[in-house]
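Trainee: Following this message is one structure expressed as structure tokens.
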Amino acid sequence: MSQKPPPKKFVKTPINGTRFTLLVSSAKGGVGKSTVAVNLAFALQNLGLKVGILDADVYGPSLPKLLDLNEKPKSEDGKAMIPVEKYNVQCMSMGFLVDEQTPMIWRGPMVISAIKTMTQKVLWKDRDVIVVDMPPGTGDTQLTFAQEVKVDGAVIVSTPQDLALLDVKRGIQMFDKTGVKILGLIDNMSYFKGDDGKEYKIFGEGGVEKTAKEFKKEFLGHLPLNKDLRNSADEGDPLVHSKPDHEVSKLFKKIAEKIKLSFL
């Protein structure tokens, strides 16, 4: 009786010029993950870390808008790219390389090639941590990072509604099966604070905490649905950077402190 071949071992390569790689993922679109990722990056910067942000969403890059960036990366040798810098954070996104309204009509192999380029051919310099804004789903981008990049941890972002959590649970299991350590879950758009001071649970309550407990993961905290957070994203100056003493910025700081303790 023939034996099954041993499982394939993947060689995981660190991102050059960086110490740690942190994925911010959700597996579900529309939960505010990109806004969380960018503000979390600046919260880590406020804790004294040198930070880079890699926008890994090839089909729907958000970083150019979130940081009001429209310049193209430079290259001294025509091969490796120098990341664009804003607010002392090094940045890379497919959105820097194509027009804002150009659709990326690419099959899987081209997406994988783009991810490899942004992780292997970008001259990141002296970064303590790269925060990677992951696309929705559990497809080619996720597998490329899980199998080929040395990832130090992943943070899962979700809203508390059941529909979002269905995909989030798939994402958790994908990371568990591929050996990526999940540092914890964040409940985004957890509540809306009205002018009356009351908190309104628009998308439900307790779902993310319950999911964290179900999968034996840490719950990192709640983030509200907040007008200032949305405005800062539209203006290209993240709230944690522009207003570090804002009540929402302080919530990001608490989450960043937990993350920093996980891998530093």
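If you're wondering about the labels, chains in the structure tokens are A, B, ... by order shown, residues count from 1 in each chain, ligands from 1 in order shown.
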Mind listing the strand (DSSP E or B) residues of range 9-255 of chain A, per DSSP on the backbone, as number ranges by chain?
Mentor: A: 13, 18-25, 51-55, 74, 81-82, 84-86, 89-93, 122, 127-133, 149, 153-158, 182-187, 192-193, 199-200, 219-222
Trainee: List every residue of range 152-264 of chain A that has an atom at most 9 Å from any atom of range 46-63 of chain A, giving for each one its closest atom pair and the distance in Å to one decimal, counting only C-alpha atoms, sorted by chain and then by ascending residue number, as a tab-separated table.
Mentor:
```
residue	atom	partner	partner_atom	distance
A:Gly236	CA	A:Leu63	CA	8.9
A:Val240	CA	A:Asn46	CA	8.6
A:His241	CA	A:Asn46	CA	8.3
A:Pro244	CA	A:Asn46	CA	8.4
A:Lys253	CA	A:Leu47	CA	8.0
A:Ala256	CA	A:Leu47	CA	8.0
A:Glu257	CA	A:Leu47	CA	7.6
A:Lys260	CA	A:Leu47	CA	8.6
```
Trainee: Give me a file of those residues, with N, CA and C atoms, as a PDB file, in the first residue's frame.
Mentor:
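Saved as part04.pdb:
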```pdb
ATOM      1  N   GLY A 236      -7.396  61.947   4.419  1.00  0.00           N
ATOM      2  CA  GLY A 236      -6.045  61.442   4.209  1.00  0.00           C
ATOM      3  C   GLY A 236      -5.090  61.697   5.350  1.00  0.00           C
ATOM      4  N   VAL A 240      -5.534  58.814  14.475  1.00  0.00           N
ATOM      5  CA  VAL A 240      -4.509  58.575  15.490  1.00  0.00           C
ATOM      6  C   VAL A 240      -3.314  59.498  15.282  1.00  0.00           C
ATOM      7  N   HIS A 241      -3.060  59.876  14.019  1.00  0.00           N
ATOM      8  CA  HIS A 241      -1.960  60.808  13.744  1.00  0.00           C
ATOM      9  C   HIS A 241      -2.380  62.248  13.974  1.00  0.00           C
ATOM     10  N   PRO A 244      -4.119  62.498  18.299  1.00  0.00           N
ATOM     11  CA  PRO A 244      -3.738  61.359  19.142  1.00  0.00           C
ATOM     12  C   PRO A 244      -4.439  61.324  20.495  1.00  0.00           C
ATOM     13  N   LYS A 253      -4.727  53.042  20.808  1.00  0.00           N
ATOM     14  CA  LYS A 253      -3.484  52.919  21.566  1.00  0.00           C
ATOM     15  C   LYS A 253      -3.528  51.697  22.486  1.00  0.00           C
ATOM     16  N   ALA A 256      -3.038  48.689  20.377  1.00  0.00           N
ATOM     17  CA  ALA A 256      -1.648  48.626  19.909  1.00  0.00           C
ATOM     18  C   ALA A 256      -0.717  48.155  21.011  1.00  0.00           C
ATOM     19  N   GLU A 257      -0.978  48.566  22.232  1.00  0.00           N
ATOM     20  CA  GLU A 257      -0.144  48.144  23.359  1.00  0.00           C
ATOM     21  C   GLU A 257      -0.224  46.628  23.544  1.00  0.00           C
ATOM     22  N   LYS A 260       1.760  45.031  20.640  1.00  0.00           N
ATOM     23  CA  LYS A 260       3.201  45.196  20.826  1.00  0.00           C
ATOM     24  C   LYS A 260       3.743  44.170  21.818  1.00  0.00           C
TER      25      LYS A 260
END
```
Trainee: For range 32-129 of chain A against range 219-228 of chain A, with a cut-off of 12 Å and counting only C-alpha atoms, what is the closest atom pair and its distance in Å to one decimal for every residue that makes the cut, ordered by chain and number, as JSON lines?
Mentor:
```
{"residue": "A:Gly32", "atom": "CA", "partner": "A:Leu225", "partner_atom": "CA", "distance": 9.5}
{"residue": "A:Lys33", "atom": "CA", "partner": "A:Leu223", "partner_atom": "CA", "distance": 11.3}
{"residue": "A:Thr35", "atom": "CA", "partner": "A:Leu223", "partner_atom": "CA", "distance": 11.2}
{"residue": "A:Val36", "atom": "CA", "partner": "A:Leu223", "partner_atom": "CA", "distance": 8.9}
{"residue": "A:Asn39", "atom": "CA", "partner": "A:Leu223", "partner_atom": "CA", "distance": 11.4}
{"residue": "A:Leu40", "atom": "CA", "partner": "A:Leu223", "partner_atom": "CA", "distance": 11.4}
```
Trainee: I'd like the contact shell of Ser26 in chain A - 9 Å cut-off, only C-alpha atoms, skipping same-chain residues fewer than 4 positions apart - returned as a PDB file with N, CA and C atoms, in the first residue's frame.
Mentor:
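Saved to part.pdb:
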```pdb
ATOM      1  N   VAL A  31     -15.975  45.998   6.582  1.00  0.00           N
ATOM      2  CA  VAL A  31     -15.981  46.065   8.049  1.00  0.00           C
ATOM      3  C   VAL A  31     -15.022  47.142   8.578  1.00  0.00           C
ATOM      4  N   LYS A  33     -11.771  47.506   7.820  1.00  0.00           N
ATOM      5  CA  LYS A  33     -10.451  46.939   8.118  1.00  0.00           C
ATOM      6  C   LYS A  33      -9.304  47.861   7.707  1.00  0.00           C
ATOM      7  N   MET A 134      -4.666  43.486   4.588  1.00  0.00           N
ATOM      8  CA  MET A 134      -5.010  42.351   3.739  1.00  0.00           C
ATOM      9  C   MET A 134      -6.346  42.560   3.027  1.00  0.00           C
ATOM     10  N   PRO A 135      -6.526  41.970   1.840  1.00  0.00           N
ATOM     11  CA  PRO A 135      -7.819  42.063   1.156  1.00  0.00           C
ATOM     12  C   PRO A 135      -8.843  41.126   1.794  1.00  0.00           C
ATOM     13  N   PRO A 136     -10.108  41.278   1.450  1.00  0.00           N
ATOM     14  CA  PRO A 136     -11.113  40.328   1.934  1.00  0.00           C
ATOM     15  C   PRO A 136     -10.878  38.933   1.356  1.00  0.00           C
ATOM     16  N   GLY A 137     -11.480  37.940   1.989  1.00  0.00           N
ATOM     17  CA  GLY A 137     -11.424  36.588   1.447  1.00  0.00           C
ATOM     18  C   GLY A 137     -10.329  35.728   2.038  1.00  0.00           C
ATOM     19  N   VAL A 155      -4.057  40.074  13.064  1.00  0.00           N
ATOM     20  CA  VAL A 155      -5.167  40.632  13.824  1.00  0.00           C
ATOM     21  C   VAL A 155      -6.415  40.536  12.955  1.00  0.00           C
ATOM     22  N   ILE A 156      -7.498  40.059  13.511  1.00  0.00           N
ATOM     23  CA  ILE A 156      -8.748  39.882  12.777  1.00  0.00           C
ATOM     24  C   ILE A 156      -9.710  41.010  13.159  1.00  0.00           C
ATOM     25  N   VAL A 157     -10.238  41.705  12.143  1.00  0.00           N
ATOM     26  CA  VAL A 157     -11.190  42.796  12.358  1.00  0.00           C
ATOM     27  C   VAL A 157     -12.564  42.361  11.876  1.00  0.00           C
ATOM     28  N   SER A 158     -13.597  42.642  12.681  1.00  0.00           N
ATOM     29  CA  SER A 158     -14.957  42.309  12.272  1.00  0.00           C
ATOM     30  C   SER A 158     -15.948  43.270  12.898  1.00  0.00           C
ATOM     31  N   ALA A 164     -21.125  39.067   9.001  1.00  0.00           N
ATOM     32  CA  ALA A 164     -19.682  39.322   8.927  1.00  0.00           C
ATOM     33  C   ALA A 164     -18.905  38.210   9.608  1.00  0.00           C
ATOM     34  N   ASP A 167     -17.794  34.874   7.672  1.00  0.00           N
ATOM     35  CA  ASP A 167     -16.538  34.922   6.907  1.00  0.00           C
ATOM     36  C   ASP A 167     -15.328  35.007   7.824  1.00  0.00           C
ATOM     37  N   VAL A 168     -15.472  35.733   8.918  1.00  0.00           N
ATOM     38  CA  VAL A 168     -14.364  35.873   9.865  1.00  0.00           C
ATOM     39  C   VAL A 168     -13.962  34.511  10.420  1.00  0.00           C
ATOM     40  N   GLY A 171     -11.837  32.823   8.027  1.00  0.00           N
ATOM     41  CA  GLY A 171     -10.502  33.408   8.037  1.00  0.00           C
ATOM     42  C   GLY A 171      -9.663  32.923   9.210  1.00  0.00           C
ATOM     43  N   ILE A 172     -10.283  32.792  10.372  1.00  0.00           N
ATOM     44  CA  ILE A 172      -9.576  32.280  11.549  1.00  0.00           C
ATOM     45  C   ILE A 172      -9.073  30.869  11.286  1.00  0.00           C
TER      46      ILE A 172
END
```
Trainee: Near Asp128 in chain A, within 12 Å and counting only C-alpha atoms, which residues show up once chain neighbours fewer than 3 positions away are dropped, as a list of chain:residue names?
Mentor: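 In the requested form, the answer reads A:Ile15, A:Asn16, A:Gly17, A:Thr18, A:Arg19, A:Phe20, A:Thr21, A:Leu22, A:Ala41, A:Leu44, A:Gln45, A:Leu47, A:Gly48, A:Leu49, A:Lys50, A:Val51, A:Gly52, A:Ile53, A:Val89, A:Gln90, A:Trp124, A:Lys125, A:Val131, A:Asp152, A:Lys260, A:Phe263, A:Leu264.
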Trainee: Which residue is closest to Thr211 in chain A? Choose from A:Pro160, A:Pro64, A:Pro14, A:Pro73 and count only C-alpha atoms.
Mentor: A:Pro160
